[in-house]
file protein28.cif (mmCIF, N, CA and C atoms and all ligand atoms)
data_data
#
loop_
_atom_site.group_PDB
_atom_site.id
_atom_site.type_symbol
_atom_site.label_atom_id
_atom_site.label_comp_id
_atom_site.auth_asym_id
_atom_site.auth_seq_id
_atom_site.Cartn_x
_atom_site.Cartn_y
_atom_site.Cartn_z
ATOM 1 N N MET H 1 12.185 17.813 -12.342
ATOM 2 C CA MET H 1 11.935 16.388 -12.044
ATOM 3 C C MET H 1 13.015 15.852 -11.110
ATOM 4 N N THR H 2 12.616 15.044 -10.209
ATOM 5 C CA THR H 2 13.580 14.447 -9.294
ATOM 6 C C THR H 2 14.062 13.128 -9.869
ATOM 7 N N PRO H 3 15.211 12.657 -9.448
ATOM 8 C CA PRO H 3 15.728 11.350 -9.926
ATOM 9 C C PRO H 3 14.747 10.224 -9.655
ATOM 10 N N LYS H 4 14.024 10.334 -8.568
ATOM 11 C CA LYS H 4 13.078 9.286 -8.203
ATOM 12 C C LYS H 4 11.969 9.189 -9.244
ATOM 13 N N ASP H 5 11.561 10.343 -9.768
ATOM 14 C CA ASP H 5 10.490 10.357 -10.744
ATOM 15 C C ASP H 5 10.964 9.862 -12.102
ATOM 16 N N THR H 6 12.163 10.241 -12.492
ATOM 17 C CA THR H 6 12.619 9.929 -13.841
ATOM 18 C C THR H 6 13.079 8.490 -13.963
ATOM 19 N N GLY H 7 13.610 7.926 -12.937
ATOM 20 C CA GLY H 7 14.225 6.605 -13.040
ATOM 21 C C GLY H 7 13.236 5.453 -13.000
ATOM 22 N N PHE H 8 12.004 5.752 -12.786
ATOM 23 C CA PHE H 8 11.051 4.686 -12.499
ATOM 24 C C PHE H 8 10.784 3.778 -13.689
ATOM 25 N N PHE H 9 10.429 4.363 -14.827
ATOM 26 C CA PHE H 9 10.022 3.552 -15.979
ATOM 27 C C PHE H 9 11.094 3.494 -17.062
ATOM 28 N N GLU H 10 12.223 4.102 -16.817
ATOM 29 C CA GLU H 10 13.227 4.179 -17.869
ATOM 30 C C GLU H 10 14.265 3.071 -17.770
ATOM 31 N N GLY H 11 14.071 2.159 -16.892
ATOM 32 C CA GLY H 11 14.990 1.024 -16.803
ATOM 33 C C GLY H 11 16.237 1.332 -16.013
ATOM 34 N N GLY H 12 16.316 2.524 -15.481
ATOM 35 C CA GLY H 12 17.437 2.863 -14.628
ATOM 36 C C GLY H 12 18.785 2.815 -15.334
ATOM 37 N N GLY H 13 18.798 2.841 -16.648
ATOM 38 C CA GLY H 13 20.045 2.869 -17.406
ATOM 39 C C GLY H 13 20.794 1.559 -17.393
ATOM 40 N N TYR H 14 20.114 0.460 -17.356
ATOM 41 C CA TYR H 14 20.794 -0.828 -17.447
ATOM 42 C C TYR H 14 21.508 -0.954 -18.786
ATOM 43 N N SER H 15 22.717 -1.411 -18.784
ATOM 44 C CA SER H 15 23.453 -1.588 -20.038
ATOM 45 C C SER H 15 23.648 -3.068 -20.304
ATOM 46 N N LYS H 16 24.138 -3.375 -21.511
ATOM 47 C CA LYS H 16 24.357 -4.777 -21.873
ATOM 48 C C LYS H 16 25.540 -5.364 -21.110
ATOM 49 N N LYS H 17 26.337 -4.482 -20.507
ATOM 50 C CA LYS H 17 27.494 -4.969 -19.756
ATOM 51 C C LYS H 17 27.086 -5.472 -18.369
ATOM 52 N N GLN H 18 25.871 -5.156 -17.995
ATOM 53 C CA GLN H 18 25.402 -5.539 -16.651
ATOM 54 C C GLN H 18 25.532 -7.056 -16.466
ATOM 55 N N PRO H 19 26.311 -7.497 -15.506
ATOM 56 C CA PRO H 19 26.461 -8.938 -15.285
ATOM 57 C C PRO H 19 25.149 -9.558 -14.819
ATOM 58 N N ILE H 20 24.847 -10.689 -15.379
ATOM 59 C CA ILE H 20 23.613 -11.370 -14.994
ATOM 60 C C ILE H 20 23.732 -11.866 -13.553
ATOM 61 N N GLY H 21 22.695 -11.678 -12.801
ATOM 62 C CA GLY H 21 22.672 -12.190 -11.440
ATOM 63 C C GLY H 21 23.049 -11.164 -10.399
ATOM 64 N N ILE H 22 23.553 -10.006 -10.824
ATOM 65 C CA ILE H 22 23.920 -8.979 -9.858
ATOM 66 C C ILE H 22 22.925 -7.825 -9.867
ATOM 67 N N ALA H 23 22.210 -7.709 -10.996
ATOM 68 C CA ALA H 23 21.250 -6.603 -11.102
ATOM 69 C C ALA H 23 20.276 -6.633 -9.929
ATOM 70 N N MET H 24 20.070 -5.471 -9.358
ATOM 71 C CA MET H 24 19.143 -5.379 -8.236
ATOM 72 C C MET H 24 17.707 -5.559 -8.715
ATOM 73 N N PRO H 25 16.905 -6.212 -7.932
ATOM 74 C CA PRO H 25 15.495 -6.339 -8.314
ATOM 75 C C PRO H 25 14.793 -4.988 -8.251
ATOM 76 N N SER H 26 13.792 -4.853 -9.064
ATOM 77 C CA SER H 26 13.008 -3.631 -9.024
ATOM 78 C C SER H 26 12.060 -3.700 -7.832
ATOM 79 N N ASN H 27 12.337 -2.890 -6.837
ATOM 80 C CA ASN H 27 11.553 -3.018 -5.603
ATOM 81 C C ASN H 27 10.944 -1.690 -5.165
ATOM 82 N N HIS H 28 10.494 -0.918 -6.159
ATOM 83 C CA HIS H 28 9.888 0.372 -5.806
ATOM 84 C C HIS H 28 8.684 0.185 -4.903
ATOM 85 N N ILE H 29 7.941 -0.832 -5.196
ATOM 86 C CA ILE H 29 6.689 -1.030 -4.468
ATOM 87 C C ILE H 29 6.967 -1.459 -3.026
ATOM 88 N N SER H 30 7.935 -2.349 -2.856
ATOM 89 C CA SER H 30 8.218 -2.833 -1.516
ATOM 90 C C SER H 30 8.909 -1.768 -0.664
ATOM 91 N N ASN H 31 9.371 -0.689 -1.305
ATOM 92 C CA ASN H 31 9.948 0.405 -0.532
ATOM 93 C C ASN H 31 8.895 1.189 0.229
ATOM 94 N N GLU H 32 7.719 1.155 -0.293
ATOM 95 C CA GLU H 32 6.633 1.991 0.260
ATOM 96 C C GLU H 32 6.381 1.724 1.749
ATOM 97 N N PRO H 33 6.196 0.469 2.147
ATOM 98 C CA PRO H 33 5.962 0.206 3.574
ATOM 99 C C PRO H 33 7.144 0.647 4.427
ATOM 100 N N TYR H 34 8.342 0.554 3.855
ATOM 101 C CA TYR H 34 9.521 0.954 4.601
ATOM 102 C C TYR H 34 9.469 2.444 4.915
ATOM 103 N N HIS H 35 9.061 3.222 3.897
ATOM 104 C CA HIS H 35 8.984 4.662 4.117
ATOM 105 C C HIS H 35 7.891 5.003 5.126
ATOM 106 N N GLU H 36 6.823 4.258 5.039
ATOM 107 C CA GLU H 36 5.750 4.457 6.016
ATOM 108 C C GLU H 36 6.260 4.176 7.424
ATOM 109 N N TRP H 37 6.998 3.065 7.522
ATOM 110 C CA TRP H 37 7.553 2.667 8.818
ATOM 111 C C TRP H 37 8.516 3.727 9.333
ATOM 112 N N LEU H 38 9.335 4.244 8.405
ATOM 113 C CA LEU H 38 10.325 5.253 8.761
ATOM 114 C C LEU H 38 9.633 6.516 9.272
ATOM 115 N N LYS H 39 8.556 6.883 8.559
ATOM 116 C CA LYS H 39 7.812 8.078 8.933
ATOM 117 C C LYS H 39 7.233 7.912 10.339
ATOM 118 N N GLU H 40 6.707 6.729 10.573
ATOM 119 C CA GLU H 40 6.113 6.443 11.869
ATOM 120 C C GLU H 40 7.173 6.506 12.966
ATOM 121 N N LYS H 41 8.321 5.901 12.648
ATOM 122 C CA LYS H 41 9.415 5.849 13.612
ATOM 123 C C LYS H 41 9.885 7.254 13.943
ATOM 124 N N TYR H 42 10.080 8.055 12.894
ATOM 125 C CA TYR H 42 10.569 9.412 13.118
ATOM 126 C C TYR H 42 9.497 10.277 13.756
ATOM 127 N N GLY H 43 8.254 10.044 13.335
ATOM 128 C CA GLY H 43 7.156 10.809 13.919
ATOM 129 C C GLY H 43 7.094 10.593 15.411
ATOM 130 N N HIS H 44 7.336 9.344 15.807
ATOM 131 C CA HIS H 44 7.317 9.015 17.222
ATOM 132 C C HIS H 44 8.449 9.729 17.945
ATOM 133 N N LEU H 45 9.644 9.684 17.336
ATOM 134 C CA LEU H 45 10.794 10.314 17.969
ATOM 135 C C LEU H 45 10.599 11.813 18.088
ATOM 136 N N LYS H 46 9.988 12.384 17.049
ATOM 137 C CA LYS H 46 9.793 13.824 17.056
ATOM 138 C C LYS H 46 8.853 14.250 18.175
ATOM 139 N N MET H 47 8.000 13.332 18.600
ATOM 140 C CA MET H 47 7.049 13.682 19.640
ATOM 141 C C MET H 47 7.706 13.748 21.016
ATOM 142 N N ARG H 48 8.850 13.120 21.140
ATOM 143 C CA ARG H 48 9.485 13.109 22.457
ATOM 144 C C ARG H 48 10.175 14.440 22.712
ATOM 145 N N LYS H 49 9.854 15.012 23.829
ATOM 146 C CA LYS H 49 10.411 16.324 24.158
ATOM 147 C C LYS H 49 11.271 16.207 25.418
ATOM 148 N N GLU H 50 12.187 17.138 25.487
ATOM 149 C CA GLU H 50 12.990 17.222 26.703
ATOM 150 C C GLU H 50 12.085 17.603 27.876
ATOM 151 N N LYS H 51 12.366 17.011 29.001
ATOM 152 C CA LYS H 51 11.573 17.335 30.188
ATOM 153 C C LYS H 51 12.353 18.269 31.093
ATOM 154 N N CYS H 52 11.623 19.120 31.729
ATOM 155 C CA CYS H 52 12.223 20.057 32.674
ATOM 156 C C CYS H 52 12.876 19.275 33.814
ATOM 157 N N ILE H 53 14.101 19.644 34.144
ATOM 158 C CA ILE H 53 14.821 18.903 35.187
ATOM 159 C C ILE H 53 14.292 19.226 36.580
ATOM 160 N N LEU H 54 13.557 20.294 36.708
ATOM 161 C CA LEU H 54 13.058 20.673 38.035
ATOM 162 C C LEU H 54 11.648 20.151 38.305
ATOM 163 N N CYS H 55 10.733 20.389 37.369
ATOM 164 C CA CYS H 55 9.346 20.016 37.635
ATOM 165 C C CYS H 55 8.895 18.823 36.796
ATOM 166 N N GLY H 56 9.697 18.430 35.806
ATOM 167 C CA GLY H 56 9.348 17.254 35.024
ATOM 168 C C GLY H 56 8.366 17.513 33.897
ATOM 169 N N GLU H 57 7.978 18.745 33.722
ATOM 170 C CA GLU H 57 7.068 19.090 32.633
ATOM 171 C C GLU H 57 7.808 19.019 31.293
ATOM 172 N N GLU H 58 7.064 18.647 30.248
ATOM 173 C CA GLU H 58 7.662 18.650 28.917
ATOM 174 C C GLU H 58 7.946 20.072 28.481
ATOM 175 N N THR H 59 9.115 20.248 27.877
ATOM 176 C CA THR H 59 9.424 21.547 27.290
ATOM 177 C C THR H 59 9.098 21.483 25.811
ATOM 178 N N LYS H 60 9.304 22.586 25.119
ATOM 179 C CA LYS H 60 8.993 22.598 23.692
ATOM 180 C C LYS H 60 10.131 22.041 22.854
ATOM 181 N N TRP H 61 11.214 21.640 23.465
ATOM 182 C CA TRP H 61 12.384 21.243 22.696
ATOM 183 C C TRP H 61 12.428 19.740 22.501
ATOM 184 N N PRO H 62 12.579 19.314 21.245
ATOM 185 C CA PRO H 62 12.671 17.877 20.964
ATOM 186 C C PRO H 62 13.948 17.302 21.552
ATOM 187 N N GLU H 63 13.866 16.057 21.989
ATOM 188 C CA GLU H 63 15.055 15.372 22.494
ATOM 189 C C GLU H 63 16.126 15.321 21.414
ATOM 190 N N GLY H 64 17.355 15.541 21.820
ATOM 191 C CA GLY H 64 18.462 15.428 20.884
ATOM 192 C C GLY H 64 18.765 16.710 20.147
ATOM 193 N N MET H 65 17.948 17.714 20.303
ATOM 194 C CA MET H 65 18.216 18.989 19.648
ATOM 195 C C MET H 65 19.429 19.636 20.295
ATOM 196 N N GLY H 66 20.237 20.278 19.474
ATOM 197 C CA GLY H 66 21.458 20.890 19.983
ATOM 198 C C GLY H 66 21.150 21.917 21.055
ATOM 199 N N ILE H 67 21.923 21.878 22.138
ATOM 200 C CA ILE H 67 21.626 22.767 23.268
ATOM 201 C C ILE H 67 21.888 24.218 22.906
ATOM 202 N N GLU H 68 22.711 24.429 21.873
ATOM 203 C CA GLU H 68 23.043 25.818 21.527
ATOM 204 C C GLU H 68 21.873 26.531 20.862
ATOM 205 N N VAL H 69 20.902 25.752 20.367
ATOM 206 C CA VAL H 69 19.749 26.398 19.743
ATOM 207 C C VAL H 69 18.554 26.470 20.699
ATOM 208 N N ARG H 70 18.689 25.845 21.850
ATOM 209 C CA ARG H 70 17.581 25.889 22.803
ATOM 210 C C ARG H 70 17.703 27.105 23.699
ATOM 211 N N SER H 71 16.579 27.495 24.212
ATOM 212 C CA SER H 71 16.617 28.480 25.282
ATOM 213 C C SER H 71 16.264 27.749 26.578
ATOM 214 N N HIS H 72 16.534 28.382 27.683
ATOM 215 C CA HIS H 72 16.230 27.821 29.004
ATOM 216 C C HIS H 72 17.030 26.557 29.296
ATOM 217 N N TYR H 73 18.175 26.413 28.631
ATOM 218 C CA TYR H 73 19.002 25.252 28.911
ATOM 219 C C TYR H 73 20.165 25.678 29.791
ATOM 220 N N VAL H 74 20.376 24.945 30.871
ATOM 221 C CA VAL H 74 21.462 25.263 31.788
ATOM 222 C C VAL H 74 22.577 24.251 31.578
ATOM 223 N N GLU H 75 23.703 24.737 31.152
ATOM 224 C CA GLU H 75 24.814 23.833 30.911
ATOM 225 C C GLU H 75 25.255 23.168 32.213
ATOM 226 N N GLY H 76 25.441 21.880 32.166
ATOM 227 C CA GLY H 76 25.840 21.134 33.355
ATOM 228 C C GLY H 76 24.656 20.696 34.203
ATOM 229 N N ALA H 77 23.486 21.248 33.902
ATOM 230 C CA ALA H 77 22.292 20.864 34.666
ATOM 231 C C ALA H 77 21.275 20.197 33.736
ATOM 232 N N GLY H 78 20.782 20.945 32.779
ATOM 233 C CA GLY H 78 19.826 20.381 31.834
ATOM 234 C C GLY H 78 18.789 21.392 31.391
ATOM 235 N N GLN H 79 17.723 20.826 30.837
ATOM 236 C CA GLN H 79 16.679 21.671 30.258
ATOM 237 C C GLN H 79 15.672 22.112 31.304
ATOM 238 N N LEU H 80 15.362 23.377 31.294
ATOM 239 C CA LEU H 80 14.313 23.901 32.164
ATOM 240 C C LEU H 80 13.105 24.285 31.329
ATOM 241 N N CYS H 81 11.940 24.233 31.945
ATOM 242 C CA CYS H 81 10.768 24.818 31.303
ATOM 243 C C CYS H 81 10.788 26.318 31.579
ATOM 244 N N GLU H 82 9.910 27.001 30.909
ATOM 245 C CA GLU H 82 9.932 28.453 31.019
ATOM 246 C C GLU H 82 9.659 28.960 32.438
ATOM 247 N N PRO H 83 8.609 28.458 33.104
ATOM 248 C CA PRO H 83 8.341 28.930 34.475
ATOM 249 C C PRO H 83 9.514 28.681 35.415
ATOM 250 N N CYS H 84 10.138 27.496 35.304
ATOM 251 C CA CYS H 84 11.263 27.191 36.189
ATOM 252 C C CYS H 84 12.453 28.087 35.872
ATOM 253 N N TRP H 85 12.625 28.357 34.582
ATOM 254 C CA TRP H 85 13.719 29.238 34.186
ATOM 255 C C TRP H 85 13.521 30.605 34.799
ATOM 256 N N GLU H 86 12.301 31.078 34.716
ATOM 257 C CA GLU H 86 12.025 32.406 35.250
ATOM 258 C C GLU H 86 12.140 32.416 36.767
ATOM 259 N N ALA H 87 11.765 31.304 37.400
ATOM 260 C CA ALA H 87 11.825 31.230 38.853
ATOM 261 C C ALA H 87 13.268 31.191 39.357
ATOM 262 N N THR H 88 14.142 30.566 38.597
ATOM 263 C CA THR H 88 15.521 30.412 39.051
ATOM 264 C C THR H 88 16.463 31.401 38.399
ATOM 265 N N GLY H 89 15.996 32.048 37.343
ATOM 266 C CA GLY H 89 16.881 32.951 36.613
ATOM 267 C C GLY H 89 17.958 32.189 35.854
ATOM 268 N N GLY H 90 17.755 30.896 35.669
ATOM 269 C CA GLY H 90 18.719 30.098 34.923
ATOM 270 C C GLY H 90 19.905 29.656 35.756
ATOM 271 N N ARG H 91 19.847 29.949 37.050
ATOM 272 C CA ARG H 91 20.969 29.522 37.905
ATOM 273 C C ARG H 91 20.563 28.269 38.675
ATOM 274 N N VAL H 92 20.908 27.145 38.082
ATOM 275 C CA VAL H 92 20.541 25.860 38.686
ATOM 276 C C VAL H 92 21.813 25.079 38.939
ATOM 277 N N ILE H 93 21.958 24.648 40.142
ATOM 278 C CA ILE H 93 23.119 23.823 40.495
ATOM 279 C C ILE H 93 22.634 22.464 40.952
ATOM 280 N N ILE H 94 23.109 21.444 40.264
ATOM 281 C CA ILE H 94 22.712 20.095 40.623
ATOM 282 C C ILE H 94 23.570 19.615 41.789
ATOM 283 N N GLN H 95 22.895 19.267 42.866
ATOM 284 C CA GLN H 95 23.628 18.774 44.032
ATOM 285 C C GLN H 95 23.280 17.316 44.259
ATOM 286 N N PRO H 96 24.295 16.460 44.219
ATOM 287 C CA PRO H 96 24.041 15.030 44.472
ATOM 288 C C PRO H 96 23.578 14.823 45.914
ATOM 289 N N ASP H 97 22.713 13.863 46.110
ATOM 290 C CA ASP H 97 22.217 13.602 47.463
ATOM 291 C C ASP H 97 23.326 13.094 48.365
HETATM 292 ZN ZN ZN V 101 9.857 23.183 35.128
#
call {"tool": "encode", "arguments": {"input": "protein28.cif", "output": "structure tokens", "more": "lines below"}}
Ligand SMILES: [Zn+2]
result
Amino acid sequence: MTPKDTGFFEGGGYSKKQPIGIAMPSNHISNEPYHEWLKEKYGHLKMRKEKCILCGEETKWPEGMGIEVRSHYVEGAGQLCEPCWEATGGRVIIQPD
């Protein structure tokens, strides 16, 4: 059993020492929309992928993922898609205009 399951109907261990007026309201129900919102927010973020710096195509890597776990990432340049990586061999130098 998880703490979330056990604490629901057991009063959360309120004691007689609990000062009146400080006890938190029971808001299990109002938490629900928040979790839904959170899921939506994170779901949206998870959909965003790094774009290839050369052709602009979306890569398979989510934004913010550590570069050490990605493949086709060129340090100092950015994320490449697979075709661009293969075309350049991973040697990409960013030259300012
Ligand atoms: Zn590309």
call {"tool": "residues_near_ligand", "arguments": {"input": "protein28.cif", "ligand": "ligand ZN 101 (chain V)", "cutoff": "12 Å", "atoms": "only C-alpha atoms and all ligand atoms", "output": "list in words"}}
result
Glu50, Lys51, Cys52, Ile53, Leu54, Cys55, Gly56, Glu57, Glu58, Thr59, Lys60, His72, Tyr73, Gly78, Gln79, Leu80, Cys81, Glu82, Pro83, Cys84, Trp85, Glu86, Ala87, Thr88, Gly90 and Val92 of chain H
call {"tool": "atom_distance", "arguments": {"input": "protein28.cif", "atom1": "atom C of H:Gly76", "atom2": "atom N of H:Ile93"}}
result
7.6 Å
call {"tool": "atom_distance", "arguments": {"input": "protein28.cif", "atom1": "atom N of H:Val74", "atom2": "atom N of H:Arg91"}}
result
8.0 Å
call {"tool": "atom_distance", "arguments": {"input": "protein28.cif", "atom1": "atom N of H:Gly89", "atom2": "atom C of H:Ser71"}}
result
11.6 Å
call {"tool": "closest_residue", "arguments": {"input": "protein28.cif", "among": "H:Lys49, H:Lys39, H:Ser30, H:Pro96", "to": "H:Pro62", "atoms": "all atoms listed in the file"}}
result
H:Lys49
call {"tool": "select_by_dssp", "arguments": {"input": "protein28.cif", "residues": "stretch 52-90 of chain H", "states": "helix (DSSP H, G or I)", "output": "list in words"}}
result
Ile67, Glu68, Val69, Glu82, Pro83, Cys84, Trp85, Glu86, Ala87 and Thr88 of chain H
call {"tool": "axis_aligned_box", "arguments": {"input": "protein28.cif", "around": "stretch 73-91 of chain H", "padding_each_side": "6 Å", "output": "JSON"}}
result
{"center_x": 17.1, "center_y": 26.6, "center_z": 34.0, "size_x": 29.5, "size_y": 24.8, "size_z": 22.7}
